Number of protein chains: 2
Amino acid sequence: MQLNRQPLYCQVANELVGFISKGAWKPGEVIPNEIDLARKLGVSTGTMRKALDKLEASHLIIRRQGRGTFVLDQAGFDGRHRFDLMRFADGSSIHPMCETLDESVGVASKEECKELSLDEKDRVLRAARVKTHDGCTLVYEDISIAAKRFPGIDREVGLVDYLVTSLAQKYGVILGQAIEQLSLCEVSDKVADVLSIPVRSVVLRLQLVVYSFSGEPLMLRTGFSHLPNAKYVVKIE
Amino acid sequence: MQLNRQPLYCQVANELVGFISKGAWKPGEVIPNEIDLARKLGVSTGTMRKALDKLEASHLIIRRQGRGTFVLDQAGFDGRHRFDLMRFADGSSIHPMCETLDESVGVASKEECKELSLDEKDRVLRAARVKTHDGCTLVYEDISIAAKRFPGIDREVGLVDYLVTSLAQKYGVILGQAIEQLSLCEVSDKVADVLSIPVRSVVLRLQLVVYSFSGEPLMLRTGFSHLPNAKYVVKIE
DNA sequence: GCGAATTTGTGCGTATGTATT
DNA sequence: TAATACATACGCACAAATTCG
């Protein structure tokens with residue numbers, strides 16, 4: 001009688017994810033060595049290694065031979081730009097200033113319902129912001145956070161850091177993959193003004209949806225950019 | 001005295017890649033089972049599995065439990081659109097018609113030298129083509145192939161299929177990763193005409209460089225598109 | 001419909017190599 | 001140098017999926 005249809009190493013991986021989610025293991029901290037972990041969870045070292053392989057592939061931990069295994073700090077230097085594929089034209093990384101223009105809370109719009117798999121009555125935290133560098137506005141972004149996926153976040157309206165990596169870490173949400181869809185469109189007058197470009201200019205529209213480790217959509221980010229001195233770089237494996 | 005600095009499973013993986021490259025194993029064919037392979041190459045089953053894991057992650061083989069392990073057909077349905085991230089607006093795959101407008105051979109331009117790591121005297125095969133679907137022109141592309149990376153390709157000018165996956169398979173070149181860089185630019189008059197859009201329109205510029213398994217740049221593809229009824233979709237792991 | 005044969009997937013345990021502290 | 005921890009390598013047993021008689 002086993003409806004444990006999941007392989008053991010996946011169950012173990014999920015258990016380890018739980019430790020991170022619950023805060024038993026803090027970001028940046030070292031976790032117990034593989035042999036102790038295997039003994040503690042009652043599995044073989046090989047199974048434990050396979051579970052850790054999975055977590056490493058999911059960018060939840062990093063392993064250093066001779067040193068140990070560490071919980072990746074999603075909000076730190078390694079993790080916080082995972083979903084930002086924009087680069088300067090010379091290929092160097094962009095570390096922009098973020099300025100929040102507006103914040104609000106409300107029920108999910110039609111688009112938010114669709115992209116975030118929400119019901120009409122679900123609450124959404126929103127922000128509009130711009131990323132600038134050396135006085136140049138790189139991108140305008142509308143951000144929508146599915147409140148119910150971040151237990152406790154309601155109490156924090158008005159002081160939210162809308163970087164999804166920080167939010168996830170703060171509320172014990174484990175990040176998974178993301179999907180970004182690029183298209184071309186004419187800017188609205190408002191966005192044209194913010195980006196300091198002519199009205200009705202054609203710009204790149206970047207729609208990003210970030211999912212949790214378990215596959216629930218967490219955040220919708222719709223960006224508009226004319227890519228000033230910048231490009232968008234994709235590595236295809 | 002071992003300057004085999006590579007782990008054994010990597011050496012084994014390279015040996016298996018050699019079988020595919022040399023045509024000993026044909027695309028789509030099944031390869032020997034893991035136990036026989038391990039015995040034949042004189043390694044343990046675990047080491048062989050790890051080597052096969054690496055090949056699978058590189059999209060060179062696919063494994064089917066109960067059936068066997070198969071050489072991926074790069075030019076077939078699974079492999080040929082690996083580097084095409086454009087989709088219809090509704091998310092469905094695009095299987096366009098390709099029409100070659102022009103073909104030529106010459107020495108590498110400055111840009112080709114840079115992007116393909118070539119010398120000034122190295123030869124390049126070029127093609128200009130458009131991809132259309134239902135009468136709508138989706139994208140214009142300039143393609144440059146580094147001839148010296150495809151031994152024997154010189155003899156085939158004029159009848160080349162410029163799909164890199166086909167070329168690679170034909171000449172025993174194993175494909176690796178690719179990098180695509182997106183930017184915005186005004187179209188040239190020629191491209192505006194081909195795409196049937198106003199002159200000086202702003203379009204998406206897509207510059208793709210495809211590398212071999214061993215890391216050599218093989219092909220440069222510079223596309224221009226106004227994304228008619230289309231979008232560009234990136235999965236971020 | 002069912003069971004045998006085949007093949008990959010999972011799991012266990014051990015020993016040794018290599019990088020770090 | 002010694003201790004620690006991850007990486008590699010070996011080998012075996014069984015589970016699960018597929019195929020075929």
# chains A, B, ... in the order shown; residues from 1 in each chain; ligands from 1

call {"tool": "closest_atom_pairs", "arguments": {"of": "stretch 102-209 of chain A", "to": "stretch 195-219 of chain B", "cutoff": "12 Å", "atoms": "only C-alpha atoms", "output": "Markdown table"}}
result
| residue | atom | partner | partner_atom | distance |
| --- | --- | --- | --- | --- |
| A:Leu182 | CA | B:Leu204 | CA | 9.9 |
| A:Ser183 | CA | B:Leu204 | CA | 8.7 |
| A:Leu184 | CA | B:Leu204 | CA | 7.7 |
| A:Cys185 | CA | B:Val202 | CA | 10.1 |
| A:Glu186 | CA | B:Val202 | CA | 10.3 |
| A:Arg200 | CA | B:Val202 | CA | 11.4 |
| A:Ser201 | CA | B:Val202 | CA | 8.5 |
| A:Val202 | CA | B:Val202 | CA | 6.3 |
| A:Val203 | CA | B:Val202 | CA | 8.1 |
| A:Leu204 | CA | B:Leu204 | CA | 8.1 |
| A:Arg205 | CA | B:Leu204 | CA | 11.1 |

call {"tool": "select_by_dssp", "arguments": {"residues": "stretch 79-179 of chain B", "states": "strand (DSSP E or B)", "output": "number ranges by chain"}}
result
B: 86-88, 93, 97-107, 123-133, 136-146, 175-179

call {"tool": "select_by_dssp", "arguments": {"residues": "stretch 55-171 of chain A", "states": "helix (DSSP H, G or I)", "output": "list in words"}}
result
Leu55, Glu56, Ala57, Lys110, Glu111, Glu112, Cys113, Lys114, Glu115, Leu116, Ala147, Lys148, Arg149, Ile153, Asp154, Arg155, Glu156, Val164, Thr165, Ser166, Leu167, Ala168, Gln169 and Lys170 of chain A

call {"tool": "interface_residues", "arguments": {"of": "chain A", "to": "chain B", "cutoff": "7 Å", "atoms": "only C-alpha atoms", "output": "list in words"}}
result
Phe83, Gln177, Ala178, Ile179, Glu180, Gln181, Leu182, Ser183, Leu184, Val202, Leu227, Lys231, Tyr232, Val233, Val234, Lys235, Ile236 and Glu237 of chain A

call {"tool": "write_last_selection", "arguments": {"atoms": "N, CA, C and O atoms", "output": "PDB file, in the first residue's frame"}}
result
ATOM      1  N   PHE A  83      16.256  36.849 -12.358  1.00  0.00           N
ATOM      2  CA  PHE A  83      15.181  37.053 -13.336  1.00  0.00           C
ATOM      3  C   PHE A  83      15.367  38.333 -14.143  1.00  0.00           C
ATOM      4  O   PHE A  83      14.445  38.780 -14.821  1.00  0.00           O
ATOM      5  N   GLN A 177      10.907  28.391 -11.149  1.00  0.00           N
ATOM      6  CA  GLN A 177      11.274  28.985 -12.426  1.00  0.00           C
ATOM      7  C   GLN A 177      10.424  30.210 -12.729  1.00  0.00           C
ATOM      8  O   GLN A 177       9.530  30.568 -11.981  1.00  0.00           O
ATOM      9  N   ALA A 178      10.755  30.834 -13.830  1.00  0.00           N
ATOM     10  CA  ALA A 178       9.996  31.990 -14.288  1.00  0.00           C
ATOM     11  C   ALA A 178       9.891  31.922 -15.800  1.00  0.00           C
ATOM     12  O   ALA A 178      10.695  31.266 -16.459  1.00  0.00           O
ATOM     13  N   ILE A 179       8.884  32.575 -16.321  1.00  0.00           N
ATOM     14  CA  ILE A 179       8.723  32.652 -17.772  1.00  0.00           C
ATOM     15  C   ILE A 179       8.553  34.114 -18.157  1.00  0.00           C
ATOM     16  O   ILE A 179       7.726  34.823 -17.575  1.00  0.00           O
ATOM     17  N   GLU A 180       9.384  34.545 -19.106  1.00  0.00           N
ATOM     18  CA  GLU A 180       9.270  35.920 -19.573  1.00  0.00           C
ATOM     19  C   GLU A 180       8.866  35.925 -21.034  1.00  0.00           C
ATOM     20  O   GLU A 180       9.434  35.203 -21.848  1.00  0.00           O
ATOM     21  N   GLN A 181       7.895  36.772 -21.348  1.00  0.00           N
ATOM     22  CA  GLN A 181       7.396  36.878 -22.715  1.00  0.00           C
ATOM     23  C   GLN A 181       7.654  38.285 -23.221  1.00  0.00           C
ATOM     24  O   GLN A 181       7.221  39.257 -22.607  1.00  0.00           O
ATOM     25  N   LEU A 182       8.336  38.367 -24.368  1.00  0.00           N
ATOM     26  CA  LEU A 182       8.699  39.669 -24.927  1.00  0.00           C
ATOM     27  C   LEU A 182       7.862  39.956 -26.161  1.00  0.00           C
ATOM     28  O   LEU A 182       7.644  39.081 -26.997  1.00  0.00           O
ATOM     29  N   SER A 183       7.416  41.189 -26.257  1.00  0.00           N
ATOM     30  CA  SER A 183       6.693  41.614 -27.445  1.00  0.00           C
ATOM     31  C   SER A 183       6.992  43.086 -27.684  1.00  0.00           C
ATOM     32  O   SER A 183       7.678  43.725 -26.887  1.00  0.00           O
ATOM     33  N   LEU A 184       6.489  43.599 -28.780  1.00  0.00           N
ATOM     34  CA  LEU A 184       6.670  45.008 -29.104  1.00  0.00           C
ATOM     35  C   LEU A 184       5.334  45.714 -28.983  1.00  0.00           C
ATOM     36  O   LEU A 184       4.300  45.152 -29.328  1.00  0.00           O
ATOM     37  N   VAL A 202       7.717  52.856 -30.203  1.00  0.00           N
ATOM     38  CA  VAL A 202       7.658  51.410 -30.069  1.00  0.00           C
ATOM     39  C   VAL A 202       8.726  50.977 -29.064  1.00  0.00           C
ATOM     40  O   VAL A 202       9.887  51.353 -29.186  1.00  0.00           O
ATOM     41  N   LEU A 227      15.360  49.986 -24.206  1.00  0.00           N
ATOM     42  CA  LEU A 227      16.703  49.408 -24.165  1.00  0.00           C
ATOM     43  C   LEU A 227      17.792  50.438 -24.478  1.00  0.00           C
ATOM     44  O   LEU A 227      18.612  50.229 -25.375  1.00  0.00           O
ATOM     45  N   LYS A 231      20.785  45.642 -23.769  1.00  0.00           N
ATOM     46  CA  LYS A 231      20.278  44.534 -24.561  1.00  0.00           C
ATOM     47  C   LYS A 231      19.733  43.481 -23.614  1.00  0.00           C
ATOM     48  O   LYS A 231      19.930  43.549 -22.398  1.00  0.00           O
ATOM     49  N   TYR A 232      19.082  42.487 -24.187  1.00  0.00           N
ATOM     50  CA  TYR A 232      18.457  41.419 -23.416  1.00  0.00           C
ATOM     51  C   TYR A 232      19.148  40.133 -23.838  1.00  0.00           C
ATOM     52  O   TYR A 232      19.175  39.797 -25.022  1.00  0.00           O
ATOM     53  N   VAL A 233      19.736  39.437 -22.875  1.00  0.00           N
ATOM     54  CA  VAL A 233      20.608  38.316 -23.214  1.00  0.00           C
ATOM     55  C   VAL A 233      20.031  36.997 -22.710  1.00  0.00           C
ATOM     56  O   VAL A 233      19.728  36.853 -21.530  1.00  0.00           O
ATOM     57  N   VAL A 234      19.895  36.052 -23.635  1.00  0.00           N
ATOM     58  CA  VAL A 234      19.328  34.749 -23.305  1.00  0.00           C
ATOM     59  C   VAL A 234      20.354  33.665 -23.602  1.00  0.00           C
ATOM     60  O   VAL A 234      20.923  33.606 -24.701  1.00  0.00           O
ATOM     61  N   LYS A 235      20.586  32.827 -22.621  1.00  0.00           N
ATOM     62  CA  LYS A 235      21.432  31.659 -22.842  1.00  0.00           C
ATOM     63  C   LYS A 235      20.536  30.463 -23.125  1.00  0.00           C
ATOM     64  O   LYS A 235      19.655  30.147 -22.335  1.00  0.00           O
ATOM     65  N   ILE A 236      20.749  29.816 -24.268  1.00  0.00           N
ATOM     66  CA  ILE A 236      19.928  28.674 -24.646  1.00  0.00           C
ATOM     67  C   ILE A 236      20.752  27.404 -24.469  1.00  0.00           C
ATOM     68  O   ILE A 236      21.748  27.199 -25.161  1.00  0.00           O
ATOM     69  N   GLU A 237      20.342  26.591 -23.525  1.00  0.00           N
ATOM     70  CA  GLU A 237      21.098  25.374 -23.222  1.00  0.00           C
ATOM     71  C   GLU A 237      20.769  24.299 -24.245  1.00  0.00           C
ATOM     72  O   GLU A 237      21.591  23.499 -24.615  1.00  0.00           O
TER      73      GLU A 237
END

call {"tool": "interface_residues", "arguments": {"of": "chain C", "to": "chain A", "cutoff": "9 Å", "atoms": "only C-alpha atoms (C1' of nucleotides)", "output": "PyMOL selection string"}}
result
chain C and resi 10-13+18-21

call {"tool": "write_last_selection", "arguments": {"atoms": "C-alpha atoms (C1' of nucleotides)", "output": "PDB file, in the first residue's frame"}}
result
ATOM      1  C1'  DT C  10      15.863   4.193  -7.951  1.00  0.00           C
ATOM      2  C1'  DG C  11      18.221   2.944  -3.755  1.00  0.00           C
ATOM      3  C1'  DC C  12      21.915   1.088  -0.893  1.00  0.00           C
ATOM      4  C1'  DG C  13      26.684   0.793   0.712  1.00  0.00           C
ATOM      5  C1'  DT C  18      40.396  16.326  -4.058  1.00  0.00           C
ATOM      6  C1'  DA C  19      39.671  20.926  -2.227  1.00  0.00           C
ATOM      7  C1'  DT C  20      39.388  23.636   1.948  1.00  0.00           C
ATOM      8  C1'  DT C  21      40.335  24.895   6.564  1.00  0.00           C
TER       9       DT C  21
END

call {"tool": "atom_distance", "arguments": {"atom1": "atom CA of B:Ser188", "atom2": "atom CA of B:Ser109"}}
result
18.9 Å

call {"tool": "closest_atom_pairs", "arguments": {"of": "chain D", "to": "chain A", "cutoff": "8 Å", "atoms": "only C-alpha atoms (C1' of nucleotides)", "output": "tab-separated table"}}
result
residue	atom	partner	partner_atom	distance
D:DT4	C1'	A:Gly66	CA	6.9
D:DA5	C1'	A:Gly66	CA	4.7
D:DC6	C1'	A:Gln65	CA	4.2
D:DA7	C1'	A:Gln65	CA	7.3

call {"tool": "atom_distance", "arguments": {"atom1": "atom CA of B:Glu115", "atom2": "atom CA of B:Thr165"}}
result
18.7 Å
